[in-house]
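Peer 1: Structure below; questions to follow.
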Amino acid sequence: MSLDKVLAQIDADLDASLERLKELLRVPSISTDPAYRDDCARAADWLVNDLQSLGLAAEARPTPGHPMVVGKGGDGARHLLFYGHYDVQPVDPLELWHRDPFDPAVEETADGKVIRGRGAADDKGQLMTFVEACRAWIAVHGELPVKVTMFFEGEEESGSPSLVPFLEENADELSRPDIALICDTGLFDPETPAVTTQLRGLLGEELTITGPAMDLHSGSYGGAARNPIRVLSRIIASLHDDDGRITVPGFYDGVPEISDELRAQWAGLGFDADGFLGAVGLSEPAGEKGRSALEMIWARPTCEVNGISGGYTGDGFKTVLPSKATAKISFRLVGEQDPHAIRKSFRAMVEAMLPPDCSAEWHDHGASPASVMSTDDLAFEKARQALSDEWPRPAAFTGAGGSIPIAGYFKTILGLDSMLIGFGRDDDLIHSPNEKYHLSSFHRGIRSWARIIDALKD
């Protein structure tokens, strides 16, 4: 089957592809707001109809929340599971938008043409790059050269409450593919595509230290009474040593070193660490000594204090010695780190540091492990080469500092590794007013998936 004809079809059909994307963008599928429940169902039905127009078997499957869309078609040695989500974030504050967020349009900017509208980059535009690539293959050759299962979620922006039960109930069906493709990530830079192969996990802890039974006058009790803020500050200060390493016992169990090959790939990306930090008013990396900025963001674990409260924090001054002090602390995890073991060790460490007359109260805020994809499957290298053929600069296997739970669920529930390939840019303003998706991201994204389908068909 000729790839060149498919790419030519994509180029010739681009205007029609944009019109189809605009149709989907006009549906205000805001999943978190019950007022838009019917619109979420309408977006699911739109996708079902579009997939059926390609000759695929597709249906919207009910959940306690918003529907899941499942579509199937194609034939070949490889079976691919493609994931995207059709729900979007709320648009508030509406007054900051330059146009109606659900009246999408192509606009000319200083950086080229963009598609403006809520969901353009997150994730309807990304989702449609794969659909349009399949459309072109079918238009040219009459069928897809691989088996494809498309799985579109409608609750990603509202915590995915129906996702795990749906995956568990349909595991036999959805685990048949060889590998999962997720299009909800971005480019490394406007000319460099990426295959994200590792995602950090996340452990959240909220700690409250209680000392005296009530707030006290610092003139009457200061010095004699235990101050929970001092106790909490000492605990926080002890979490890192002078080299930036985290001191929780056993914390680094399961933390791997990246390979020399991967380190060389990352070095070749030309990441500007000074510019990265300078853009937010900083000048020096503050993490582990001897680690590059990219390594710290993508491949090293962290411990960060996300919030502290205690005592009087209003206007003016109040000489109070507080009864309680609270901190919210998060750990980003990598490799095989066990979030539950780290939680147990962290709490034991804190309890051991408590002085007399102080107690600790805990509230957990989730615990998910890292997702690390094995690139031993030749599909990963084939996809990387296919991306490199489309974009100005070679693609790289990258990491991501944040967490994308769906990749972990595909691994733990379905037993599938995932390739996370997306075409968003850092300035796409996802979740913000005036969200956009660069036209080159949409166009090259479609062509990229066509190339990947071709590369994976054997």
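Ligands are numbered from 1 in the order shown, chains are lettered A, B, ... in the order of the structure tokens, and residues start at 1 in each chain.
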Among the residues of stretch 37-94 of chain A, find those DSSP assigns to helix (DSSP H, G or I) from the backbone and print them as a list in words.
Peer 2: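 Helix (DSSP H, G or I) assignments inside stretch 37-94 of chain A correspond to Arg37, Asp38, Asp39, Cys40, Ala41, Arg42, Ala43, Ala44, Asp45, Trp46, Leu47, Val48, Asn49, Asp50, Leu51, Gln52, Ser53 and Leu94 of chain A.
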Peer 1: With N, CA and C atoms retained, write the just-selected residues as a CSV table (one decimal), in the first residue's frame.
Peer 2:
chain,number,residue,atom,x,y,z
A,37,ARG,N,-24.4,18.0,30.2
A,37,ARG,CA,-24.5,16.6,30.1
A,37,ARG,C,-25.0,16.2,28.7
A,38,ASP,N,-26.0,16.8,28.2
A,38,ASP,CA,-26.6,16.5,26.9
A,38,ASP,C,-25.5,16.8,25.8
A,39,ASP,N,-24.7,17.9,26.0
A,39,ASP,CA,-23.7,18.2,25.0
A,39,ASP,C,-22.6,17.2,24.9
A,40,CYS,N,-22.3,16.6,26.1
A,40,CYS,CA,-21.3,15.6,26.1
A,40,CYS,C,-21.8,14.4,25.3
A,41,ALA,N,-23.1,14.0,25.5
A,41,ALA,CA,-23.6,12.9,24.8
A,41,ALA,C,-23.7,13.3,23.3
A,42,ARG,N,-23.9,14.5,22.9
A,42,ARG,CA,-24.0,14.9,21.5
A,42,ARG,C,-22.6,14.8,20.9
A,43,ALA,N,-21.5,15.2,21.6
A,43,ALA,CA,-20.2,15.0,21.1
A,43,ALA,C,-19.8,13.6,20.9
A,44,ALA,N,-20.3,12.7,21.8
A,44,ALA,CA,-20.0,11.3,21.6
A,44,ALA,C,-20.7,10.8,20.4
A,45,ASP,N,-22.0,11.2,20.2
A,45,ASP,CA,-22.8,10.8,19.0
A,45,ASP,C,-22.1,11.3,17.7
A,46,TRP,N,-21.6,12.5,17.8
A,46,TRP,CA,-20.9,13.1,16.6
A,46,TRP,C,-19.7,12.2,16.2
A,47,LEU,N,-19.0,11.7,17.2
A,47,LEU,CA,-17.8,10.9,16.9
A,47,LEU,C,-18.2,9.5,16.4
A,48,VAL,N,-19.3,9.0,17.0
A,48,VAL,CA,-19.8,7.7,16.5
A,48,VAL,C,-20.2,7.8,15.0
A,49,ASN,N,-21.0,8.8,14.7
A,49,ASN,CA,-21.4,9.0,13.3
A,49,ASN,C,-20.2,9.2,12.4
A,50,ASP,N,-19.2,9.9,12.8
A,50,ASP,CA,-18.1,10.2,11.9
A,50,ASP,C,-17.3,8.9,11.7
A,51,LEU,N,-17.1,8.1,12.8
A,51,LEU,CA,-16.4,6.8,12.6
A,51,LEU,C,-17.2,5.8,11.7
A,52,GLN,N,-18.5,5.9,11.9
A,52,GLN,CA,-19.4,5.0,11.0
A,52,GLN,C,-19.3,5.4,9.6
A,53,SER,N,-19.1,6.7,9.3
A,53,SER,CA,-19.0,7.2,7.9
A,53,SER,C,-17.8,6.6,7.3
A,94,LEU,N,-15.0,33.9,31.0
A,94,LEU,CA,-15.4,34.1,29.6
A,94,LEU,C,-14.9,35.5,29.0
Peer 1: If we count only C-alpha atoms and set the cut-off at 7 Å, which residues sit around stretch 99-110 of chain A, ignoring sequence neighbours fewer than 2 positions away in its own chain? Please answer as an NGL selection string.
Peer 2: :A and (22 or 25-28 or 97 or 112-118)
Peer 1: For a test of reading the model, state the distance in Å between atom CA of A:Val70 and atom CA of A:Phe166, rounded to one decimal.
Peer 2: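 That distance, rounded to one decimal, is 11.5 Å.
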Peer 1: Which residues of stretch 75-121 of chain A come within 12 Å of stretch 370-381 of chain A, and for each one, what is the closest pair of atoms and their distance in Å to one decimal, counting only C-alpha atoms, sorted by chain and residue number, as a Markdown table?
Peer 2:
| residue | atom | partner | partner_atom | distance |
| --- | --- | --- | --- | --- |
| A:Arg78 | CA | A:Ala379 | CA | 9.8 |
| A:His79 | CA | A:Ala379 | CA | 11.5 |
| A:Leu80 | CA | A:Ala379 | CA | 10.7 |
Peer 1: Per DSSP on the backbone, filter stretch 226-415 of chain A down to the residues in strand (DSSP E) and report them as a PyMOL selection string.
Peer 2: chain A and resi 302-310+320-321+324-333+359-368+371-372+396-400
Peer 1: Residues of stretch 107-141 of chain A within 12 Å of stretch 187-194 of chain A: nearest atom pair and distance (Å, one decimal) for each, counting only C-alpha atoms, sorted by chain and number, as CSV?
Peer 2:
residue,atom,partner,partner_atom,distance
A:Asp111,CA,A:Pro190,CA,10.4
A:Gly112,CA,A:Pro190,CA,11.6
A:Ala121,CA,A:Leu187,CA,11.9
A:Gln126,CA,A:Leu187,CA,11.7
Peer 1: For A:Val6, list every protein, DNA or RNA residue within 12 Å, evaluated using only C-alpha atoms, and leave out those in the same chain fewer than 5 positions away; present the list as a list in words.
Peer 2: Met1, Asp11, Ala12, Asp13, Glu132, Ala133, Cys134, Arg135, Ala136, Trp137, Ile138, Ala139, Val140, His141, Gly142, Glu143, Leu144, Pro145, Ile446, Arg447, Ser448, Trp449, Ala450, Arg451, Ile453 and Asp454 of chain A
Peer 1: Need the shell around A:Lys328: protein/DNA/RNA residues with any atom at most 9 Å away, counting only C-alpha atoms. Skip same-chain ones fewer than 4 positions apart. Format as a compact mmCIF listing (two decimals) with C-alpha atoms, in the first residue's frame?
Peer 2:
# COMPACT_ATOMS: atom_id res chain seq x y z
CA GLY A 204 0.18 13.45 47.99
CA GLU A 205 0.27 13.89 51.76
CA GLU A 206 -1.32 16.50 54.03
CA LEU A 207 0.25 16.70 57.48
CA THR A 208 -1.13 18.61 60.48
CA GLU A 304 7.99 19.41 47.21
CA VAL A 305 6.06 21.42 49.77
CA ASN A 306 2.97 22.74 48.00
CA GLY A 307 1.43 24.72 50.82
CA ILE A 308 1.92 25.68 54.49
Peer 1: Please, what distance in Å, to one decimal, runs between atom CA of A:Gly55 and atom CA of A:Lys72?
Peer 2: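 Between atom CA of A:Gly55 and atom CA of A:Lys72 the gap is 9.2 Å.
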Peer 1: For A:Arg176, which residue among A:Arg234, A:Phe410, A:Pro322, A:Ile329 is the nearest when counting only C-alpha atoms?
Peer 2: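 The answer is A:Phe410, which sits nearest to A:Arg176.
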Peer 1: Using only C-alpha atoms, which residues sit within 10 Å of stretch 347-364 of chain A once same-chain residues fewer than 6 positions away are excluded, as a PyMOL selection string?
Peer 2: chain A and resi 203-213+225-228+231-232+234-236+238-239+247-249+323-326+328-329
Peer 1: Taking only C-alpha atoms into account, name the residue in A:Ser440, A:Thr398, A:Ser175, A:Gln385 that is nearest to A:Leu416.
Peer 2: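 Distance minimum relative to A:Leu416 lands on A:Ser175.
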Peer 1: Determine, counting only C-alpha atoms, which protein, DNA and RNA residues have an atom within 12 Å of an atom of A:Ser259; residues of the same chain fewer than 2 positions away are not included. Present the result as a PDB file with N, CA and C atoms, in the first residue's frame.
Peer 2:
ATOM      1  N   PRO A 256      15.702   4.075  38.813  1.00  0.00           N
ATOM      2  CA  PRO A 256      16.746   3.637  37.871  1.00  0.00           C
ATOM      3  C   PRO A 256      17.578   4.807  37.358  1.00  0.00           C
ATOM      4  N   GLU A 257      18.741   4.493  36.844  1.00  0.00           N
ATOM      5  CA  GLU A 257      19.511   5.456  36.075  1.00  0.00           C
ATOM      6  C   GLU A 257      19.094   5.339  34.614  1.00  0.00           C
ATOM      7  N   GLU A 261      22.239   5.824  26.044  1.00  0.00           N
ATOM      8  CA  GLU A 261      21.601   6.173  24.777  1.00  0.00           C
ATOM      9  C   GLU A 261      20.528   7.231  24.976  1.00  0.00           C
ATOM     10  N   LEU A 262      19.711   7.062  26.018  1.00  0.00           N
ATOM     11  CA  LEU A 262      18.654   8.032  26.283  1.00  0.00           C
ATOM     12  C   LEU A 262      19.241   9.363  26.725  1.00  0.00           C
ATOM     13  N   ARG A 263      20.273   9.306  27.547  1.00  0.00           N
ATOM     14  CA  ARG A 263      20.929  10.543  27.981  1.00  0.00           C
ATOM     15  C   ARG A 263      21.473  11.312  26.776  1.00  0.00           C
ATOM     16  N   ALA A 264      22.043  10.591  25.806  1.00  0.00           N
ATOM     17  CA  ALA A 264      22.574  11.239  24.603  1.00  0.00           C
ATOM     18  C   ALA A 264      21.446  11.850  23.776  1.00  0.00           C
ATOM     19  N   GLN A 265      20.302  11.135  23.678  1.00  0.00           N
ATOM     20  CA  GLN A 265      19.151  11.698  22.960  1.00  0.00           C
ATOM     21  C   GLN A 265      18.704  12.998  23.593  1.00  0.00           C
ATOM     22  N   TRP A 266      18.603  13.006  24.902  1.00  0.00           N
ATOM     23  CA  TRP A 266      18.150  14.211  25.592  1.00  0.00           C
ATOM     24  C   TRP A 266      19.141  15.354  25.438  1.00  0.00           C
ATOM     25  N   GLU A 295      16.884  15.853  33.129  1.00  0.00           N
ATOM     26  CA  GLU A 295      16.889  14.623  33.917  1.00  0.00           C
ATOM     27  C   GLU A 295      16.075  14.811  35.191  1.00  0.00           C
ATOM     28  N   ALA A 299      13.132  12.300  34.845  1.00  0.00           N
ATOM     29  CA  ALA A 299      13.595  10.973  35.265  1.00  0.00           C
ATOM     30  C   ALA A 299      14.021  10.875  36.720  1.00  0.00           C
ATOM     31  N   THR A 375      10.733   0.158  25.713  1.00  0.00           N
ATOM     32  CA  THR A 375      10.958   0.453  24.295  1.00  0.00           C
ATOM     33  C   THR A 375      11.604  -0.723  23.566  1.00  0.00           C
ATOM     34  N   PHE A 397      12.811   9.928  22.273  1.00  0.00           N
ATOM     35  CA  PHE A 397      12.082   9.356  23.396  1.00  0.00           C
ATOM     36  C   PHE A 397      12.263  10.296  24.578  1.00  0.00           C
TER      37      PHE A 397
END
Peer 1: So that I can check the surroundings of A:Gly335, please list as a ChimeraX atom specification every protein, DNA and RNA residue that reaches within 12 Å of it, counting only C-alpha atoms and ignoring chain neighbours fewer than 2 positions away.
Peer 2: /A:197-202,251-258,298-301,332-333,337-339,368-374,399
Peer 1: Would you save the residues from that selection as a compact mmCIF listing (two decimals), in the first residue's frame, using C-alpha atoms?
Peer 2:
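And here is the file that came out, out.txt:
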# COMPACT_ATOMS: atom_id res chain seq x y z
CA THR A 197 7.98 6.80 27.27
CA GLN A 198 8.03 7.62 30.98
CA LEU A 199 5.64 9.48 33.23
CA ARG A 200 6.22 10.29 36.86
CA GLY A 201 3.84 8.98 39.49
CA LEU A 202 2.40 11.10 42.29
CA PHE A 251 12.93 6.64 49.08
CA TYR A 252 15.31 5.78 46.22
CA ASP A 253 14.43 2.08 46.15
CA GLY A 254 13.40 1.34 42.57
CA VAL A 255 14.84 4.55 41.07
CA PRO A 256 16.75 3.64 37.87
CA GLU A 257 19.51 5.46 36.08
CA ILE A 258 18.66 6.39 32.50
CA TRP A 298 11.67 13.72 33.48
CA ALA A 299 13.59 10.97 35.26
CA ARG A 300 14.25 11.89 38.90
CA PRO A 301 11.86 11.79 41.87
CA ARG A 332 6.79 12.81 42.09
CA LEU A 333 7.87 9.22 41.56
CA GLN A 337 9.12 3.40 43.35
CA ASP A 338 6.25 2.12 45.48
CA PRO A 339 4.05 5.06 46.56
CA SER A 368 -0.06 6.40 41.84
CA PRO A 369 3.16 4.81 40.59
CA ALA A 370 5.21 5.99 37.64
CA SER A 371 4.55 4.64 34.16
CA VAL A 372 7.64 3.44 32.32
CA MET A 373 7.18 2.02 28.84
CA SER A 374 9.49 -0.69 27.59
CA GLY A 399 9.88 11.81 29.70
Peer 1: Between atom CA of A:Arg61 and atom CA of A:Asn170, what is the distance in Å, rounded to a tenth?
Peer 2: 11.0 Å
